[in-house]
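What follows is the content of final_11.cif (mmCIF, C-alpha atoms).
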data_protein
#
loop_
_atom_site.label_atom_id
_atom_site.label_comp_id
_atom_site.auth_asym_id
_atom_site.auth_seq_id
_atom_site.Cartn_x
_atom_site.Cartn_y
_atom_site.Cartn_z
CA MET A 1 -13.45 76.22 88.71
CA ALA A 2 -10.04 75.87 90.33
CA PHE A 3 -9.13 72.96 92.58
CA ALA A 4 -6.05 71.24 93.91
CA VAL A 5 -4.98 68.14 91.99
CA LEU A 6 -5.37 65.50 94.70
CA PRO A 7 -6.12 61.77 94.52
CA VAL A 8 -9.79 60.82 94.23
CA SER A 9 -11.54 57.47 94.28
CA ALA A 10 -11.86 55.61 90.99
CA GLN A 11 -14.72 56.93 88.90
CA THR A 12 -15.62 57.84 85.38
CA VAL A 13 -16.21 61.55 86.02
CA ASP A 14 -16.36 63.45 89.29
CA PRO A 15 -19.93 64.82 89.38
CA ASP A 16 -18.69 68.01 91.06
CA SER A 17 -16.06 68.76 88.42
CA ASP A 18 -16.68 71.08 85.48
CA LEU A 19 -16.93 68.07 83.19
CA GLY A 20 -19.24 66.17 85.53
CA ARG A 21 -21.65 69.07 85.98
CA PHE A 22 -21.53 69.86 82.26
CA ARG A 23 -22.36 66.29 81.24
CA ALA A 24 -25.24 66.05 83.70
CA LEU A 25 -26.74 69.31 82.43
CA ARG A 26 -26.23 68.26 78.81
CA ILE A 27 -28.17 65.04 79.45
CA GLU A 28 -30.88 67.00 81.24
CA ALA A 29 -31.18 69.47 78.36
CA ALA A 30 -31.28 66.73 75.71
CA ARG A 31 -33.97 64.79 77.57
CA ALA A 32 -36.02 67.93 78.06
CA VAL A 33 -35.82 68.72 74.33
CA GLN A 34 -36.93 65.18 73.53
CA ALA A 35 -39.85 65.52 75.96
CA GLN A 36 -40.65 68.98 74.59
CA GLU A 37 -40.23 70.48 78.06
CA TRP A 38 -38.90 73.67 76.55
CA ASP A 39 -38.43 75.87 79.61
CA LYS A 40 -36.56 73.10 81.38
CA ALA A 41 -34.41 72.55 78.29
CA VAL A 42 -33.59 76.27 78.07
CA ALA A 43 -32.62 76.43 81.75
CA ALA A 44 -30.42 73.31 81.60
CA SER A 45 -28.66 74.40 78.40
CA ASP A 46 -28.03 77.85 79.86
CA GLU A 47 -26.40 76.36 82.96
CA ALA A 48 -24.28 74.01 80.83
CA LEU A 49 -23.12 76.89 78.63
CA LYS A 50 -22.01 78.83 81.70
CA ILE A 51 -19.50 76.01 82.25
CA MET A 52 -18.47 75.47 78.61
CA PRO A 53 -19.73 78.31 76.44
CA SER A 54 -17.93 77.02 73.32
CA SER A 55 -19.61 73.59 73.30
CA GLY A 56 -21.12 73.10 69.85
CA ALA A 57 -23.50 70.39 71.05
CA LEU A 58 -24.93 72.67 73.75
CA LEU A 59 -25.22 75.69 71.48
CA LEU A 60 -27.33 73.61 69.10
CA LEU A 61 -29.39 72.21 71.98
CA SER A 62 -29.91 75.76 73.22
CA ALA A 63 -31.14 76.82 69.79
CA GLN A 64 -33.55 73.87 69.60
CA ALA A 65 -34.89 74.54 73.09
CA ARG A 66 -35.50 78.21 72.32
CA VAL A 67 -37.25 77.43 69.03
CA GLY A 68 -39.56 75.12 70.96
CA ALA A 69 -40.14 77.79 73.59
CA GLY A 70 -40.99 80.35 70.92
CA LYS A 71 -37.89 82.42 71.63
CA THR A 72 -36.81 82.76 68.02
CA ALA A 73 -34.45 85.71 68.46
CA GLU A 74 -32.60 83.94 71.28
CA ALA A 75 -32.46 80.71 69.26
CA LYS A 76 -30.93 82.60 66.37
CA ALA A 77 -28.35 84.11 68.71
CA SER A 78 -27.32 80.60 69.83
CA LEU A 79 -26.95 79.49 66.21
CA ARG A 80 -25.01 82.65 65.39
CA ASP A 81 -22.65 81.97 68.33
CA TYR A 82 -22.16 78.40 67.10
CA LEU A 83 -21.20 79.53 63.60
CA ALA A 84 -19.05 82.40 64.87
CA ARG A 85 -16.83 79.78 66.54
CA GLY A 86 -16.02 78.26 63.15
CA MET A 87 -18.17 75.14 63.35
CA VAL A 88 -20.32 73.58 60.65
CA VAL A 89 -23.64 71.75 60.86
CA SER A 90 -25.82 69.70 58.53
CA LYS A 91 -29.00 71.74 58.12
CA SER A 92 -30.99 68.63 57.19
CA SER A 93 -30.08 67.03 60.53
CA TYR A 94 -31.75 69.88 62.44
CA PRO A 95 -35.03 70.60 60.62
CA GLN A 96 -36.38 72.32 63.71
CA LEU A 97 -33.79 75.06 63.19
CA SER A 98 -34.86 75.77 59.59
CA PRO A 99 -36.82 78.94 60.55
CA LEU A 100 -33.60 80.48 61.88
CA TRP A 101 -31.55 80.43 58.72
CA ASP A 102 -31.07 83.55 56.65
CA ALA A 103 -28.62 84.64 53.96
CA LYS A 104 -26.03 85.86 56.46
CA LEU A 105 -26.03 82.61 58.46
CA ASP A 106 -25.90 80.59 55.23
CA GLN A 107 -22.85 82.57 54.15
CA GLN A 108 -21.17 81.95 57.50
CA LEU A 109 -21.86 78.21 57.25
CA ILE A 110 -20.28 78.10 53.79
CA ALA A 111 -17.31 80.18 54.95
CA ASN A 112 -16.70 77.79 57.86
CA SER A 113 -16.16 74.94 55.38
CA GLU A 114 -13.69 76.80 53.20
CA PRO A 115 -9.95 76.10 53.47
CA ILE A 116 -7.67 78.52 55.31
CA GLY A 117 -3.92 78.69 54.84
CA THR A 118 -1.47 76.42 53.07
CA PHE A 119 1.40 74.16 54.04
CA LYS A 120 4.29 72.47 52.27
CA PRO A 121 4.31 68.66 52.22
CA VAL A 122 7.88 67.64 53.11
CA GLN A 123 7.40 63.88 53.47
CA ARG A 124 5.04 61.33 51.91
CA HIS A 125 4.98 57.72 53.10
CA ALA A 126 2.85 55.44 50.97
CA ALA A 127 2.84 52.29 53.09
CA LEU A 128 0.02 52.08 55.64
CA SER A 129 1.45 52.92 59.05
CA VAL A 130 -1.12 55.23 60.73
CA ALA A 131 1.36 57.85 61.90
CA GLU A 132 0.52 59.23 65.33
CA GLY A 133 3.55 60.82 66.98
CA LEU A 134 6.37 62.93 65.58
CA ALA A 135 9.71 64.04 67.02
CA ILE A 136 12.47 65.99 65.31
CA GLU A 137 16.08 66.41 66.37
CA ALA A 138 16.43 70.16 65.93
CA LYS A 139 20.10 70.37 64.85
CA SER A 140 20.11 67.59 62.27
CA GLY A 141 16.45 67.67 61.30
CA LYS A 142 16.25 63.89 61.75
CA THR A 143 12.59 62.87 61.91
CA TYR A 144 11.07 60.10 64.01
CA LEU A 145 7.51 58.87 63.43
CA SER A 146 5.48 56.46 65.49
CA ALA A 147 3.26 53.89 63.79
CA LEU A 148 0.10 52.24 65.01
CA SER A 149 -0.78 49.75 62.30
CA ARG A 150 2.65 48.12 62.23
CA GLY A 151 3.66 48.78 65.82
CA ALA A 152 6.99 50.49 65.23
CA VAL A 153 9.06 53.52 66.06
CA ASN A 154 10.44 54.72 62.73
CA VAL A 155 13.31 56.95 61.71
CA VAL A 156 13.18 58.71 58.34
CA ASN A 157 16.33 58.21 56.27
CA ASN A 158 16.46 59.85 52.84
CA GLY A 159 12.70 60.17 52.85
CA VAL A 160 12.13 56.48 53.64
CA LEU A 161 10.63 55.05 56.83
CA ASN A 162 12.97 52.61 58.57
CA PRO A 163 12.09 50.81 61.82
CA LEU A 164 14.22 52.01 64.72
CA TYR A 165 12.42 49.77 67.19
CA SER A 166 9.68 47.19 66.59
CA LEU A 167 7.02 46.56 69.23
CA PRO A 168 5.29 43.28 70.13
CA GLU A 169 2.25 42.26 68.07
CA GLY A 170 -0.84 44.27 68.93
CA VAL A 171 1.10 47.13 70.52
CA GLY A 172 1.30 50.49 68.76
CA ALA A 173 3.60 53.47 69.23
CA TYR A 174 1.74 56.69 70.05
CA GLY A 175 3.38 59.84 71.39
CA LEU A 176 7.08 60.59 70.87
CA ALA A 177 9.34 63.06 72.66
CA LEU A 178 13.06 63.79 72.27
CA ARG A 179 15.38 64.88 75.05
CA GLY A 180 18.99 65.02 73.93
CA ASP A 181 19.80 61.63 72.39
CA ASP A 182 16.95 60.01 74.32
CA LEU A 183 13.69 59.16 72.59
CA TRP A 184 10.69 58.64 74.85
CA VAL A 185 7.80 56.63 73.41
CA ALA A 186 4.27 56.06 74.72
CA THR A 187 3.02 52.61 73.67
CA SER A 188 -0.32 50.86 74.12
CA SER A 189 -2.26 47.83 72.94
CA GLY A 190 -4.98 48.67 70.45
CA ALA A 191 -7.26 47.25 67.78
CA VAL A 192 -5.66 49.40 65.06
CA THR A 193 -2.35 47.52 65.49
CA LYS A 194 -1.63 44.31 63.60
CA GLY A 195 -1.81 41.21 65.78
CA TYR A 196 -4.00 42.78 68.45
CA ASP A 197 -5.81 40.18 70.55
CA PRO A 198 -8.45 41.53 72.95
CA ALA A 199 -8.23 38.31 74.94
CA LYS A 200 -4.65 39.10 75.93
CA PRO A 201 -3.83 41.48 78.80
CA ALA A 202 -3.49 45.07 77.62
CA LEU A 203 0.03 46.46 77.57
CA ALA A 204 0.96 50.11 78.07
CA GLU A 205 4.55 51.21 78.52
CA VAL A 206 6.72 54.26 78.18
CA LEU A 207 9.98 53.29 76.50
CA HIS A 208 13.25 55.12 76.96
CA ILE A 209 15.22 54.50 73.73
CA ASP A 210 18.67 55.56 72.58
CA ARG A 211 17.69 57.27 69.33
CA LEU A 212 21.06 56.56 67.73
CA SER A 213 21.23 52.81 68.37
CA GLY A 214 17.56 51.97 68.85
CA GLN A 215 18.43 50.17 72.08
CA ILE A 216 16.04 50.21 75.05
CA LYS A 217 17.53 52.02 78.03
CA ALA A 218 14.54 51.64 80.36
CA ARG A 219 10.85 50.68 80.47
CA PHE A 220 8.20 52.31 82.62
CA THR A 221 4.79 50.82 83.37
CA ASP A 222 2.04 51.48 85.88
CA GLU A 223 0.23 48.41 87.11
CA THR A 224 -2.10 50.20 89.51
CA ALA A 225 -4.75 50.42 86.76
CA PRO A 226 -5.31 49.36 83.13
CA ARG A 227 -3.65 52.02 81.00
CA ARG A 228 -3.84 53.36 77.46
CA PHE A 229 -0.97 55.77 76.98
CA GLY A 230 -1.27 58.38 74.24
CA ASP A 231 0.48 61.75 74.14
CA ILE A 232 3.80 62.32 75.88
CA PHE A 233 5.82 65.42 76.74
CA ALA A 234 9.44 65.78 77.82
CA GLY A 235 9.39 68.64 80.29
CA LYS A 236 12.15 70.69 81.83
CA THR A 237 12.60 68.30 84.76
CA ASP A 238 9.87 65.68 84.42
CA LEU A 239 8.16 63.49 81.81
CA TYR A 240 4.38 63.52 81.33
CA VAL A 241 2.09 61.03 79.62
CA SER A 242 -1.67 61.12 79.11
CA ASP A 243 -4.00 58.17 79.56
CA GLY A 244 -7.01 58.86 77.36
CA GLN A 245 -8.88 55.79 78.57
CA LYS A 246 -8.77 56.37 82.32
CA GLY A 247 -8.72 60.16 81.96
CA GLU A 248 -5.50 60.68 83.89
CA VAL A 249 -2.16 62.38 83.37
CA LEU A 250 0.90 60.70 84.87
CA ARG A 251 4.28 62.21 85.74
CA LEU A 252 7.70 60.60 85.87
CA ASN A 253 9.69 62.77 88.24
CA ASN A 254 13.25 63.43 87.09
CA TYR A 255 12.66 60.91 84.29
CA SER A 256 13.07 57.99 86.67
CA GLY A 257 11.38 55.89 89.33
CA ALA A 258 7.66 55.18 89.37
CA PHE A 259 4.82 57.09 87.80
CA GLU A 260 2.77 59.39 89.98
CA VAL A 261 -0.73 60.58 89.13
CA LEU A 262 -0.64 64.30 88.40
CA ILE A 263 -4.27 64.61 87.27
CA PRO A 264 -6.47 61.86 88.71
CA GLU A 265 -9.43 60.19 87.12
CA GLY A 266 -12.63 62.16 87.35
CA TYR A 267 -11.82 65.57 85.86
CA MET A 268 -11.07 64.92 82.18
CA GLY A 269 -12.84 62.75 79.64
CA SER A 270 -9.85 62.10 77.37
CA PRO A 271 -6.61 64.00 78.05
CA GLN A 272 -4.42 64.34 74.97
CA GLY A 273 -1.71 66.93 74.23
CA LEU A 274 0.65 68.31 76.87
CA VAL A 275 3.03 71.27 76.88
CA GLU A 276 4.97 73.30 79.47
CA ASN A 277 5.64 77.01 79.53
CA GLU A 278 9.21 78.22 79.12
CA ALA A 279 9.82 78.34 82.88
CA GLY A 280 8.62 74.77 83.28
CA ASN A 281 6.23 75.57 86.14
CA VAL A 282 2.94 75.46 84.20
CA LEU A 283 1.57 72.57 82.18
CA ILE A 284 -1.29 72.88 79.68
CA VAL A 285 -3.30 69.72 78.96
CA SER A 286 -5.91 69.36 76.22
CA ASP A 287 -8.97 67.33 77.12
CA TYR A 288 -10.70 66.23 73.94
CA SER A 289 -14.13 66.57 75.54
CA SER A 290 -13.84 69.78 77.55
CA GLY A 291 -10.98 71.98 76.34
CA LEU A 292 -7.66 73.17 77.77
CA TYR A 293 -6.56 73.01 81.39
CA ARG A 294 -3.75 74.91 83.11
CA ILE A 295 -1.89 73.08 85.89
CA ASN A 296 0.34 74.99 88.28
CA LEU A 297 3.13 72.45 88.79
CA ASP A 298 4.25 74.10 92.04
CA SER A 299 0.87 74.10 93.81
CA GLY A 300 -1.06 71.45 91.84
CA ASP A 301 -3.95 73.86 91.18
CA MET A 302 -5.82 73.34 87.93
CA ASP A 303 -8.04 75.73 85.98
CA ARG A 304 -9.84 75.38 82.67
CA LEU A 305 -9.03 78.05 80.08
CA GLU A 306 -11.94 79.91 78.52
CA ALA A 307 -12.17 79.95 74.74
CA PRO A 308 -12.31 83.27 72.89
CA ALA A 309 -15.63 84.03 71.17
CA ASN A 310 -14.33 83.03 67.73
CA ILE A 311 -13.26 79.48 68.54
CA THR A 312 -14.07 76.27 70.39
CA LEU A 313 -11.38 74.40 72.29
CA LEU A 314 -13.12 71.04 72.24
CA GLY A 315 -11.58 68.38 70.01
CA VAL A 316 -8.00 69.60 70.49
CA ASP A 317 -5.40 66.85 70.20
CA GLY A 318 -1.69 67.74 70.02
CA LEU A 319 -0.10 70.87 71.52
CA ALA A 320 3.20 72.67 71.00
CA ARG A 321 4.66 75.96 72.24
CA TYR A 322 5.90 78.77 70.02
CA GLY A 323 7.32 81.51 72.21
CA ASN A 324 4.49 82.26 74.62
CA ASP A 325 1.82 80.99 72.22
CA LEU A 326 0.26 77.57 71.83
CA ILE A 327 -0.09 75.75 68.52
CA ALA A 328 -2.94 73.26 68.65
CA ILE A 329 -4.01 70.42 66.36
CA GLN A 330 -7.82 70.29 66.37
CA ASN A 331 -9.05 67.11 64.70
CA GLY A 332 -12.25 66.73 66.69
CA ILE A 333 -13.91 69.61 64.80
CA LYS A 334 -14.47 69.34 61.07
CA PRO A 335 -12.87 70.51 58.88
CA ASP A 336 -9.61 69.64 60.66
CA ARG A 337 -7.60 72.67 61.65
CA ILE A 338 -4.48 74.04 63.31
CA LEU A 339 -4.91 76.90 65.77
CA ARG A 340 -2.58 79.49 67.21
CA LEU A 341 -3.59 80.59 70.69
CA ARG A 342 -2.00 83.76 72.04
CA LEU A 343 -1.77 83.56 75.82
CA SER A 344 -1.19 86.03 78.60
CA ALA A 345 2.30 86.01 80.12
CA ASP A 346 1.14 83.79 83.00
CA TRP A 347 -0.76 81.41 80.68
CA LYS A 348 -3.99 82.04 82.58
CA THR A 349 -6.01 83.46 79.69
CA ILE A 350 -6.20 83.17 75.92
CA SER A 351 -6.22 86.69 74.52
CA ARG A 352 -6.69 85.75 70.87
CA ALA A 353 -7.21 82.69 68.69
CA GLU A 354 -6.21 82.39 65.05
CA THR A 355 -6.87 79.56 62.60
CA LEU A 356 -3.58 78.98 60.79
CA LEU A 357 -4.76 76.08 58.66
CA ARG A 358 -8.13 74.51 57.97
CA GLY A 359 -9.25 71.81 55.55
CA GLY A 360 -7.92 71.72 52.05
CA GLU A 361 -6.02 69.07 50.17
CA GLY A 362 -3.64 67.01 52.27
CA LEU A 363 -4.96 67.91 55.74
CA ARG A 364 -6.82 64.91 57.11
CA GLU A 365 -6.82 63.67 60.70
CA PRO A 366 -3.63 65.59 61.61
CA THR A 367 -1.90 64.37 64.78
CA GLY A 368 1.65 64.94 66.07
CA LEU A 369 3.45 68.28 65.81
CA GLN A 370 6.65 70.04 66.83
CA VAL A 371 7.93 73.59 66.56
CA VAL A 372 11.53 73.82 65.32
CA GLY A 373 12.79 77.39 65.24
CA ASN A 374 10.16 79.34 63.30
CA LYS A 375 8.75 76.27 61.58
CA LEU A 376 5.79 74.13 62.53
CA ILE A 377 6.30 70.53 61.42
CA PHE A 378 3.32 68.23 61.80
CA ILE A 379 1.64 65.06 60.62
CA ALA A 380 -0.85 66.57 58.19
CA ARG A 381 -2.35 63.28 57.03
CA SER A 382 -2.04 60.52 59.61
CA GLN A 383 -3.93 57.73 57.74
CA TRP A 384 -6.43 57.35 60.59
CA SER A 385 -9.09 57.90 57.90
CA ASP A 386 -7.77 54.90 55.95
CA VAL A 387 -8.52 52.25 58.59
CA GLY A 388 -11.63 51.02 60.36
CA ALA A 389 -12.06 50.76 64.11
CA ASP A 390 -10.50 47.29 64.02
CA GLY A 391 -7.52 48.43 61.96
CA THR A 392 -8.76 46.93 58.70
CA PRO A 393 -7.73 49.05 55.68
CA LEU A 394 -10.72 50.75 54.09
CA SER A 395 -9.06 50.76 50.67
CA VAL A 396 -6.54 48.61 48.80
CA THR A 397 -4.73 51.84 47.95
CA PRO A 398 -4.81 54.03 51.08
CA GLY A 399 -3.57 57.58 50.79
CA PRO A 400 -0.07 58.36 52.02
CA ALA A 401 0.91 59.62 55.43
CA ILE A 402 2.02 63.23 54.93
CA VAL A 403 4.32 65.36 57.06
CA GLY A 404 3.79 69.07 56.48
CA GLU A 405 5.63 72.26 57.26
CA MET A 406 4.51 75.84 57.88
CA VAL A 407 6.47 78.99 58.67
CA LEU A 408 5.37 80.71 61.89
CA ARG A 409 5.68 84.44 62.35
CA PRO A 410 5.94 86.33 65.66
#

Could you write out this structure as structure tokens?
Amino acid sequence: MAFAVLPVSAQTVDPDSDLGRFRALRIEAARAVQAQEWDKAVAASDEALKIMPSSGALLLLSAQARVGAGKTAEAKASLRDYLARGMVVSKSSYPQLSPLWDAKLDQQLIANSEPIGTFKPVQRHAALSVAEGLAIEAKSGKTYLSALSRGAVNVVNNGVLNPLYSLPEGVGAYGLALRGDDLWVATSSGAVTKGYDPAKPALAEVLHIDRLSGQIKARFTDETAPRRFGDIFAGKTDLYVSDGQKGEVLRLNNYSGAFEVLIPEGYMGSPQGLVENEAGNVLIVSDYSSGLYRINLDSGDMDRLEAPANITLLGVDGLARYGNDLIAIQNGIKPDRILRLRLSADWKTISRAETLLRGGEGLREPTGLQVVGNKLIFIARSQWSDVGADGTPLSVTPGPAIVGEMVLRP
């Protein structure tokens, strides 16, 4: 569905949006399965899959509904579609699907768990920081990493993390973006950060920092609503930041003034990564819960990109551009993976999807990424898996944060 990006009243999800209709149908299908109303469950899951055909949850619901309705061949087709998209499932969690499994499906399930590709670890940081964002100065190779647990923007000198700017207690640094000698940082209060106090007002700011001196040049906030800033992107003429809590994307025109709402609340569950095309007139946004969206920055029109048959686009976090292709961090699907999406010239369709990296030693909760020349540099191990929801370390000896590198080929 295409629509103009215009302000809407505050809401969780617009019921007429793709996401709103999908969620309503998903609830209807799940309730029908629970009530053993099989025909109703089949119909609701079919309608939901017309909206988001790569949804793993709906493909499994569809299979369950069809088993209940006695449509074994169709149920098997739903399970085959699920596995063909590279997803895994615990067979013991879905005993009703046990009649569907055969040797070929078992082999596919095993194959979906096996590692793909390799990368070179180029940095290891032992201290617990929970690395989220990454930015690299292309000429010098100087690396900047944001930290959540200690609330700092770090610069890497001789392989060692050094604070460039320290944030107030309870405030973590999330997305980073470089533009010349300017470092732009999305910051937000959060339980993962040391000193967080839920009784205090939440703080969310975009900081404009001189990367050489660490001095603040400007601060940008939006007090029209409680915010939780996450990913950030320095575009050709404007800056963009995603608010995963309210489901909005904000724009700072010409890198100054006040934020404007580019994508209002109601259409995305949790917007994350952002990236422009080379011309700077199209923005792609990843919504963790519903996939990738294309925004025409001239008209404001927005369309959701369809996933190829061999992939799902749900659970995509960070995005980067390599030529006309997208490189995507997908940490919402296990095993974690990095995708390469080959797009049409106008960025309206994905012609092919390739898994560059999946699972294996060292890849765990990957987050920030950047393409520098023909290299992909990314946070391969962020340490998100080493802390609980309240930020408490899960081990006295957490694993290191790892920055990895891969060579990309045209």

* Step by step, work through what the PyMOL selection byres ((chain A and resi 38) around 6) selects in the shown file, and finish by giving those residues as number ranges by chain. => A: 36-37, 39-41, 65, 68-69

* **Nearby residues (all atoms listed in the file) at most 12 Å from Tyr82 (chain A), same-chain spacing under 3 positions excluded, as an MDAnalysis selection string** => chainID A and resid 49 53:63 75:79 85:89 105 108:109 112 309:312

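Note that CA of Pro198 (chain A) and CA of Val171 (chain A) are 11.3 Å apart.
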
* Asked: Which of these residues is nearest to Gln245 (chain A), using only C-alpha atoms: A:Ala204, A:Ala152, A:Ala401, A:Ala279?
  -> A:Ala204

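For the file at hand, the PyMOL selection byres ((chain A and resi 208) around 6) resolves to Leu183, Trp184, Leu207, Ile209, Ile216, Lys217 and Ala218 of chain A.
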
* Kindly resolve the PyMOL selection byres ((chain A and resi 358-373) around 7) on the present coordinates and return the residues as a PyMOL selection string. => chain A and resi 115-117+132-135+138+317-318+320-322+329+331+335-338+355-357+374-382+384-385

* **Atom pair CA of Asp238 (chain A) / CA of Pro226 (chain A): separation (Å)** => 22.3 Å

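The environment of Thr143 (chain A) within 9 Å, counting all atoms listed in the file and disregarding residues fewer than 6 places along the same chain, consists of Leu134, Ala135, Ile136, Glu137, Asn154, Val155, Val156 and Asn157 of chain A.
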